[in-house]
Amino acid sequence: MQIVILNNGVEMPILGFGVWQIPDADECEQSVYEALKAGYRLIDTAAAYVNEEAVGRAIKRSGLPREELFITTKLWVQDAGYERTKKAFAKSLERLQLDYLDLYLIHQPFGDIYGSWRAMEELYREGKIRAIGVSNFEPGRLVDLILHNEITPAVNQIETHPFFQQVECAQVMKEYNVQLESWGPLAQGKNNIFQNEVLITLAEKHHKSVAQVILRWLTQRGVVAIPKSTHKDRIIENFNIFDFELTQEDMDTIATLDTKKSLFLSKNDPEVVKQFANWKLDI
Ligand code: NDP
């Protein structure tokens, strides 16, 4: 497995497995188990996905040594703030049946994230988290957090796929040595991504699938990708991307698909901010 080295020296697999929208506990456990069997070592969950317990069970069932795994979870908006973050972190660890985490992310840039960051810096220094980071931070929010705190986030996990390539954001992150991690690498299938002619042509050229071309494109850019699937054949397919290489011309062709726009919710829209503030979960 190829890795990236984070700004604190920690090694992170460049390809992982995401588990958003697998609410059924048995299905989630089985999918993570299949992913670990297929060779994935990075698993991306979140308190808000309400499936940390299933992920924890799959990890146990895999029998893999803890040090081979890279487990990420995230702090939800309602738990922003110093005290709440400490409690939420402890609960996540318990649900995952782990005694440390590889990466803990602030899930959304809302609420008392500075309080959260101080708590996360402490947990990091105590050795309970190997790396701390953020998610859904646009460049301005990210730079503000960096400039007003001691520890620079190791990772920013943001929507990144062929239709929203995040070239400008990636440049800012490079300047501060923050690793870009793509969520929604396959655009959740939106915009007919799997029927896109440019991507189909490249897939045929390399005797690979459209999903494999996209994941290869991301990882060749140095972006960590965490595709989700509940189908064993796709879980395996999405992992088999290291036996071919896209040429510079292929990469340039994919670059033309960039619309520079999100396919999902804008985190700058006041209505969206309100929606997230009211999104209370029983976690
Ligand atoms: P993805 O871009 O990974 O797309 C998942 C969809 O693509 C599913 O419908 C899946 O269907 C389908 N799919 C997967 N592989 C293939 C394939 N080879 N061929 C055809 N279809 C395929 O979307 P996600 O939103 O799940 O993003 C990935 C992960 O990123 C999440 O699971 C989560 O961990 C993280 N994430 C983080 C967010 C954040 O705010 N930080 C927001 C969103 C996601 P099926 O399951 O039926 O195979």
# chains A, B, ... in the order shown; residues from 1 in each chain; ligands from 1
$ closest_atom_pairs --of "stretch 10-108 of chain A" --to "stretch 156-170 of chain A" --cutoff "10 Å" --atoms "only C-alpha atoms" --output "JSON lines"
{"residue": "A:Leu105", "atom": "CA", "partner": "A:Asn156", "partner_atom": "CA", "distance": 8.1}
{"residue": "A:Ile106", "atom": "CA", "partner": "A:Asn156", "partner_atom": "CA", "distance": 9.2}
{"residue": "A:His107", "atom": "CA", "partner": "A:Gln157", "partner_atom": "CA", "distance": 8.6}
{"residue": "A:Gln108", "atom": "CA", "partner": "A:Gln157", "partner_atom": "CA", "distance": 9.9}
$ write_last_selection --atoms "N, CA and C atoms" --output "compact mmCIF listing (two decimals), in the first residue's frame"
# COMPACT_ATOMS: atom_id res chain seq x y z
N LEU A 105 -10.87 13.99 13.35
CA LEU A 105 -11.15 15.19 12.56
C LEU A 105 -12.32 15.98 13.14
N ILE A 106 -12.24 17.30 13.08
CA ILE A 106 -13.43 18.14 13.31
C ILE A 106 -14.26 17.99 12.04
N HIS A 107 -15.47 17.46 12.17
CA HIS A 107 -16.25 17.06 10.99
C HIS A 107 -16.71 18.25 10.14
N GLN A 108 -17.11 19.34 10.84
CA GLN A 108 -17.63 20.52 10.13
C GLN A 108 -17.08 21.78 10.78
$ select_by_dssp --residues "stretch 59-270 of chain A" --states "alpha helix (DSSP H)" --output "NGL selection string"
:A and (59-62 or 82-96 or 113-125 or 139-147 or 167-175 or 197-206 or 210-220 or 232-239 or 248-255 or 270)
$ closest_residue --among "A:Leu257, A:Ala38, A:Ala211, A:Met251" --to "A:Asn238" --atoms "only C-alpha atoms"
A:Ala211
$ closest_atom_pairs --of "chain A" --to "ligand 1" --cutoff "8 Å" --atoms "only C-alpha atoms and all ligand atoms" --output "tab-separated table"
residue	atom	partner	partner_atom_place_in_ligand_line	distance
A:Phe17	CA	ligand 1	34 (O)	6.8
A:Gly18	CA	ligand 1	34 (O)	3.2
A:Val19	CA	ligand 1	32 (O)	3.9
A:Trp20	CA	ligand 1	32 (O)	3.7
A:Gln21	CA	ligand 1	32 (O)	6.7
A:Ile43	CA	ligand 1	34 (O)	7.7
A:Asp44	CA	ligand 1	34 (O)	4.7
A:Thr45	CA	ligand 1	34 (O)	5.3
A:Ala46	CA	ligand 1	34 (O)	7.4
A:Lys74	CA	ligand 1	41 (N)	7.9
A:His107	CA	ligand 1	41 (N)	5.6
A:Gln108	CA	ligand 1	40 (O)	6.8
A:Ser135	CA	ligand 1	41 (N)	5.2
A:Asn136	CA	ligand 1	40 (O)	6.0
A:Gln157	CA	ligand 1	41 (N)	5.7
A:Ile158	CA	ligand 1	41 (N)	6.2
A:Glu159	CA	ligand 1	42 (C)	6.9
A:His161	CA	ligand 1	2 (O)	7.7
A:Ser182	CA	ligand 1	30 (O)	6.9
A:Trp183	CA	ligand 1	30 (O)	3.7
A:Gly184	CA	ligand 1	2 (O)	3.2
A:Pro185	CA	ligand 1	2 (O)	4.1
A:Leu186	CA	ligand 1	2 (O)	3.3
A:Ala187	CA	ligand 1	2 (O)	4.2
A:Gln188	CA	ligand 1	4 (O)	3.4
A:Gly189	CA	ligand 1	7 (O)	5.1
A:Phe194	CA	ligand 1	20 (C)	6.7
A:Ser209	CA	ligand 1	18 (N)	7.2
A:Val210	CA	ligand 1	19 (N)	7.4
A:Ala211	CA	ligand 1	18 (N)	4.9
A:Gln212	CA	ligand 1	18 (N)	7.0
A:Ala225	CA	ligand 1	28 (C)	7.8
A:Ile226	CA	ligand 1	29 (C)	5.2
A:Pro227	CA	ligand 1	3 (O)	3.5
A:Lys228	CA	ligand 1	3 (O)	4.0
A:Ser229	CA	ligand 1	46 (O)	3.2
A:Thr230	CA	ligand 1	46 (O)	4.1
A:His231	CA	ligand 1	48 (O)	4.8
A:Asp233	CA	ligand 1	18 (N)	7.9
A:Arg234	CA	ligand 1	18 (N)	4.4
A:Ile235	CA	ligand 1	15 (N)	6.6
A:Glu237	CA	ligand 1	18 (N)	5.9
A:Asn238	CA	ligand 1	18 (N)	5.5
$ closest_residue --among "A:Leu64, A:Val224, A:Ala48, A:Val55" --to "A:Asp79" --atoms "only C-alpha atoms"
A:Ala48
$ residues_around --residues "A:Glu11" --least-positions-apart "4" --cutoff "12 Å" --atoms "only C-alpha atoms" --output "JSON, numbers by chain"
{"A": [1, 2, 3, 4, 5, 6, 7, 41, 42, 67, 68, 69, 70, 102, 103, 130, 131, 154, 155, 179, 224]}
$ write_last_selection --atoms "C-alpha atoms" --output "tab-separated table (two decimals), in the first residue's frame"
chain	number	residue	atom	x	y	z
A	1	MET	CA	0.00	0.00	0.00
A	2	GLN	CA	1.29	3.41	-0.93
A	3	ILE	CA	1.39	5.91	1.88
A	4	VAL	CA	1.58	9.63	2.46
A	5	ILE	CA	3.61	11.12	5.28
A	6	LEU	CA	1.68	13.62	7.36
A	7	ASN	CA	3.17	16.87	8.70
A	41	ARG	CA	-6.00	-0.59	6.21
A	42	LEU	CA	-7.50	2.91	6.48
A	67	GLU	CA	-0.62	-1.16	14.48
A	68	GLU	CA	-1.36	-2.20	10.87
A	69	LEU	CA	-4.58	-0.18	10.87
A	70	PHE	CA	-5.26	3.50	10.38
A	102	ASP	CA	-4.93	7.31	14.23
A	103	LEU	CA	-6.76	10.41	13.03
A	130	ARG	CA	-1.64	9.98	16.36
A	131	ALA	CA	-2.78	12.89	14.16
A	154	ALA	CA	-2.41	17.11	9.55
A	155	VAL	CA	-5.36	16.55	7.19
A	179	GLN	CA	-2.74	16.58	3.53
A	224	VAL	CA	-5.90	10.30	-0.08
$ residues_around --residues "A:Leu93" --least-positions-apart "3" --cutoff "12 Å" --atoms "only C-alpha atoms" --output "short mmCIF file (atom, residue, chain, number, x, y, z; two decimals) with all heavy atoms, in the first residue's frame"
data_model
loop_
_atom_site.label_atom_id
_atom_site.label_comp_id
_atom_site.auth_asym_id
_atom_site.auth_seq_id
_atom_site.Cartn_x
_atom_site.Cartn_y
_atom_site.Cartn_z
N THR A 45 -14.66 6.58 9.51
CA THR A 45 -16.02 6.65 10.01
C THR A 45 -16.20 8.01 10.69
O THR A 45 -15.37 8.90 10.54
CB THR A 45 -16.32 5.46 10.96
OG1 THR A 45 -17.69 5.54 11.39
CG2 THR A 45 -15.43 5.41 12.18
N ALA A 46 -17.31 8.17 11.40
CA ALA A 46 -17.59 9.43 12.11
C ALA A 46 -18.66 9.13 13.15
O ALA A 46 -19.51 8.25 12.93
CB ALA A 46 -18.10 10.50 11.14
N ALA A 47 -18.64 9.89 14.24
CA ALA A 47 -19.69 9.72 15.25
C ALA A 47 -21.05 9.90 14.57
O ALA A 47 -22.00 9.16 14.83
CB ALA A 47 -19.49 10.72 16.37
N GLU A 52 -19.97 3.53 14.38
CA GLU A 52 -18.64 3.25 14.95
C GLU A 52 -18.59 1.87 15.61
O GLU A 52 -17.56 1.19 15.55
CB GLU A 52 -18.25 4.33 15.96
CG GLU A 52 -17.94 5.68 15.34
CD GLU A 52 -17.75 6.77 16.38
OE1 GLU A 52 -18.58 6.86 17.31
OE2 GLU A 52 -16.79 7.55 16.28
N GLU A 53 -19.71 1.47 16.24
CA GLU A 53 -19.70 0.16 16.91
C GLU A 53 -19.51 -0.96 15.90
O GLU A 53 -18.76 -1.91 16.15
CB GLU A 53 -21.00 -0.05 17.69
CG GLU A 53 -21.00 0.73 18.99
CD GLU A 53 -22.28 0.56 19.79
OE1 GLU A 53 -23.19 -0.13 19.30
OE2 GLU A 53 -22.34 1.14 20.88
N VAL A 55 -18.04 -0.72 13.00
CA VAL A 55 -16.65 -0.66 12.53
C VAL A 55 -15.74 -1.36 13.55
O VAL A 55 -14.87 -2.17 13.19
CB VAL A 55 -16.20 0.81 12.31
CG1 VAL A 55 -14.70 0.91 12.06
CG2 VAL A 55 -16.99 1.44 11.15
N GLY A 56 -15.98 -1.08 14.82
CA GLY A 56 -15.18 -1.69 15.90
C GLY A 56 -15.28 -3.21 15.87
O GLY A 56 -14.27 -3.91 16.02
N ILE A 71 -7.19 4.17 11.70
CA ILE A 71 -8.61 4.39 11.94
C ILE A 71 -8.90 5.88 12.19
O ILE A 71 -8.28 6.51 13.05
CB ILE A 71 -9.12 3.56 13.15
CG1 ILE A 71 -8.70 2.08 13.02
CG2 ILE A 71 -10.64 3.71 13.32
CD1 ILE A 71 -9.25 1.37 11.79
N THR A 72 -9.83 6.38 11.38
CA THR A 72 -10.24 7.79 11.49
C THR A 72 -11.68 7.86 11.97
O THR A 72 -12.54 7.13 11.48
CB THR A 72 -10.22 8.47 10.09
OG1 THR A 72 -8.92 8.31 9.52
CG2 THR A 72 -10.57 9.94 10.19
N THR A 73 -11.95 8.77 12.93
CA THR A 73 -13.33 9.13 13.18
C THR A 73 -13.41 10.65 13.35
O THR A 73 -12.39 11.34 13.27
CB THR A 73 -13.97 8.35 14.35
OG1 THR A 73 -15.40 8.54 14.28
CG2 THR A 73 -13.48 8.76 15.71
N LYS A 74 -14.66 11.15 13.50
CA LYS A 74 -14.84 12.61 13.46
C LYS A 74 -15.77 13.10 14.56
O LYS A 74 -16.68 12.38 14.97
CB LYS A 74 -15.42 13.03 12.10
CG LYS A 74 -14.74 12.38 10.90
CD LYS A 74 -15.24 12.89 9.58
CE LYS A 74 -14.77 12.01 8.44
NZ LYS A 74 -15.56 10.79 8.22
N LEU A 75 -15.52 14.32 14.96
CA LEU A 75 -16.29 14.99 16.01
C LEU A 75 -17.48 15.70 15.37
O LEU A 75 -17.29 16.52 14.46
CB LEU A 75 -15.38 16.02 16.67
CG LEU A 75 -16.02 16.90 17.72
CD1 LEU A 75 -16.10 16.17 19.06
CD2 LEU A 75 -15.28 18.21 17.87
N LYS A 86 -13.77 16.37 24.56
CA LYS A 86 -13.10 15.31 25.35
C LYS A 86 -14.06 14.15 25.58
O LYS A 86 -13.69 12.98 25.44
CB LYS A 86 -12.64 15.89 26.70
CG LYS A 86 -11.49 16.88 26.57
CD LYS A 86 -10.20 16.24 27.02
CE LYS A 86 -9.02 17.12 26.69
NZ LYS A 86 -8.10 17.33 27.80
N LYS A 87 -15.31 14.50 25.90
CA LYS A 87 -16.31 13.44 26.17
C LYS A 87 -16.64 12.67 24.88
O LYS A 87 -16.73 11.44 24.88
CB LYS A 87 -17.60 14.05 26.72
CG LYS A 87 -17.48 14.41 28.19
CD LYS A 87 -18.85 14.77 28.77
CE LYS A 87 -18.63 15.50 30.08
NZ LYS A 87 -19.39 16.73 30.21
N ALA A 88 -16.83 13.42 23.80
CA ALA A 88 -17.20 12.78 22.52
C ALA A 88 -16.09 11.85 22.05
O ALA A 88 -16.35 10.75 21.54
CB ALA A 88 -17.48 13.85 21.47
N PHE A 89 -14.84 12.28 22.24
CA PHE A 89 -13.70 11.45 21.84
C PHE A 89 -13.70 10.13 22.62
O PHE A 89 -13.54 9.05 22.03
CB PHE A 89 -12.39 12.21 22.07
CG PHE A 89 -11.17 11.37 21.86
CD1 PHE A 89 -10.77 11.03 20.58
CD2 PHE A 89 -10.45 10.86 22.94
CE1 PHE A 89 -9.65 10.21 20.37
CE2 PHE A 89 -9.35 10.05 22.75
CZ PHE A 89 -8.95 9.73 21.45
N ALA A 90 -13.92 10.24 23.93
CA ALA A 90 -13.93 9.03 24.78
C ALA A 90 -15.04 8.08 24.33
O ALA A 90 -14.84 6.86 24.25
CB ALA A 90 -14.11 9.42 26.24
N LEU A 96 -15.67 2.19 19.23
CA LEU A 96 -14.77 1.53 18.29
C LEU A 96 -13.96 0.40 18.95
O LEU A 96 -13.22 -0.32 18.26
CB LEU A 96 -13.79 2.56 17.69
CG LEU A 96 -14.37 3.51 16.64
CD1 LEU A 96 -13.49 4.75 16.48
CD2 LEU A 96 -14.53 2.81 15.30
N GLN A 97 -14.07 0.30 20.27
CA GLN A 97 -13.28 -0.67 21.07
C GLN A 97 -11.78 -0.48 20.86
O GLN A 97 -11.03 -1.44 20.70
CB GLN A 97 -13.63 -2.12 20.71
CG GLN A 97 -15.08 -2.50 20.91
CD GLN A 97 -15.28 -3.98 20.65
OE1 GLN A 97 -14.65 -4.82 21.28
NE2 GLN A 97 -16.15 -4.30 19.69
N LEU A 98 -11.37 0.79 20.82
CA LEU A 98 -9.95 1.09 20.61
C LEU A 98 -9.41 1.85 21.81
O LEU A 98 -10.16 2.46 22.56
CB LEU A 98 -9.77 1.95 19.35
CG LEU A 98 -10.20 1.34 18.02
CD1 LEU A 98 -10.02 2.34 16.88
CD2 LEU A 98 -9.43 0.06 17.71
N ASP A 99 -8.07 1.83 21.97
CA ASP A 99 -7.53 2.65 23.05
C ASP A 99 -6.72 3.84 22.51
O ASP A 99 -6.22 4.65 23.29
CB ASP A 99 -6.73 1.82 24.07
CG ASP A 99 -5.70 0.93 23.41
OD1 ASP A 99 -5.41 1.17 22.22
OD2 ASP A 99 -5.20 0.02 24.08
N TYR A 100 -6.60 3.94 21.21
CA TYR A 100 -6.10 5.17 20.60
C TYR A 100 -6.66 5.28 19.19
O TYR A 100 -7.16 4.29 18.63
CB TYR A 100 -4.56 5.22 20.58
CG TYR A 100 -3.91 4.27 19.58
CD1 TYR A 100 -3.61 4.70 18.28
CD2 TYR A 100 -3.61 2.96 19.93
CE1 TYR A 100 -3.03 3.83 17.38
CE2 TYR A 100 -3.03 2.09 19.02
CZ TYR A 100 -2.74 2.53 17.74
OH TYR A 100 -2.16 1.67 16.83
N LEU A 101 -6.57 6.47 18.64
CA LEU A 101 -7.09 6.72 17.29
C LEU A 101 -5.93 7.17 16.41
O LEU A 101 -5.01 7.82 16.89
CB LEU A 101 -8.12 7.85 17.40
CG LEU A 101 -9.25 7.91 16.41
CD1 LEU A 101 -10.12 6.67 16.53
CD2 LEU A 101 -10.11 9.14 16.71
N ASP A 102 -5.99 6.84 15.13
CA ASP A 102 -4.93 7.31 14.23
C ASP A 102 -5.18 8.73 13.78
O ASP A 102 -4.24 9.52 13.64
CB ASP A 102 -4.82 6.36 13.04
CG ASP A 102 -4.41 4.98 13.50
OD1 ASP A 102 -3.20 4.79 13.73
OD2 ASP A 102 -5.29 4.13 13.72
N LEU A 103 -6.45 9.06 13.51
CA LEU A 103 -6.76 10.41 13.03
C LEU A 103 -8.13 10.82 13.56
O LEU A 103 -9.11 10.07 13.40
CB LEU A 103 -6.76 10.41 11.49
CG LEU A 103 -7.09 11.73 10.79
CD1 LEU A 103 -6.03 12.80 11.09
CD2 LEU A 103 -7.17 11.52 9.26
N TYR A 104 -8.19 11.98 14.18
CA TYR A 104 -9.46 12.51 14.68
C TYR A 104 -9.68 13.85 13.97
O TYR A 104 -8.80 14.70 13.97
CB TYR A 104 -9.38 12.72 16.19
CG TYR A 104 -10.73 12.88 16.88
CD1 TYR A 104 -11.85 12.16 16.49
CD2 TYR A 104 -10.87 13.75 17.97
CE1 TYR A 104 -13.06 12.29 17.14
CE2 TYR A 104 -12.08 13.88 18.65
CZ TYR A 104 -13.17 13.15 18.22
OH TYR A 104 -14.38 13.28 18.87
N LYS A 128 -3.12 9.89 22.71
CA LYS A 128 -4.38 9.17 22.47
C LYS A 128 -4.83 9.26 21.01
O LYS A 128 -5.73 8.55 20.57
CB LYS A 128 -5.48 9.71 23.37
CG LYS A 128 -5.20 9.36 24.83
CD LYS A 128 -6.29 9.80 25.73
CE LYS A 128 -5.96 9.37 27.15
NZ LYS A 128 -6.37 10.38 28.12
N ILE A 129 -4.23 10.20 20.27
CA ILE A 129 -4.52 10.35 18.83
C ILE A 129 -3.17 10.55 18.14
O ILE A 129 -2.36 11.37 18.60
CB ILE A 129 -5.38 11.59 18.54
CG1 ILE A 129 -6.56 11.72 19.51
CG2 ILE A 129 -5.87 11.56 17.09
CD1 ILE A 129 -7.33 13.02 19.37
#
$ closest_residue --among "A:Arg118, A:Arg216, A:Lys267, A:His148" --to "A:Arg84" --atoms "only C-alpha atoms"
A:Arg118
$ closest_residue --among "A:Ser31, A:Asn51, A:Gln195, A:Asn240" --to "A:Leu15" --atoms "only C-alpha atoms"
A:Asn240
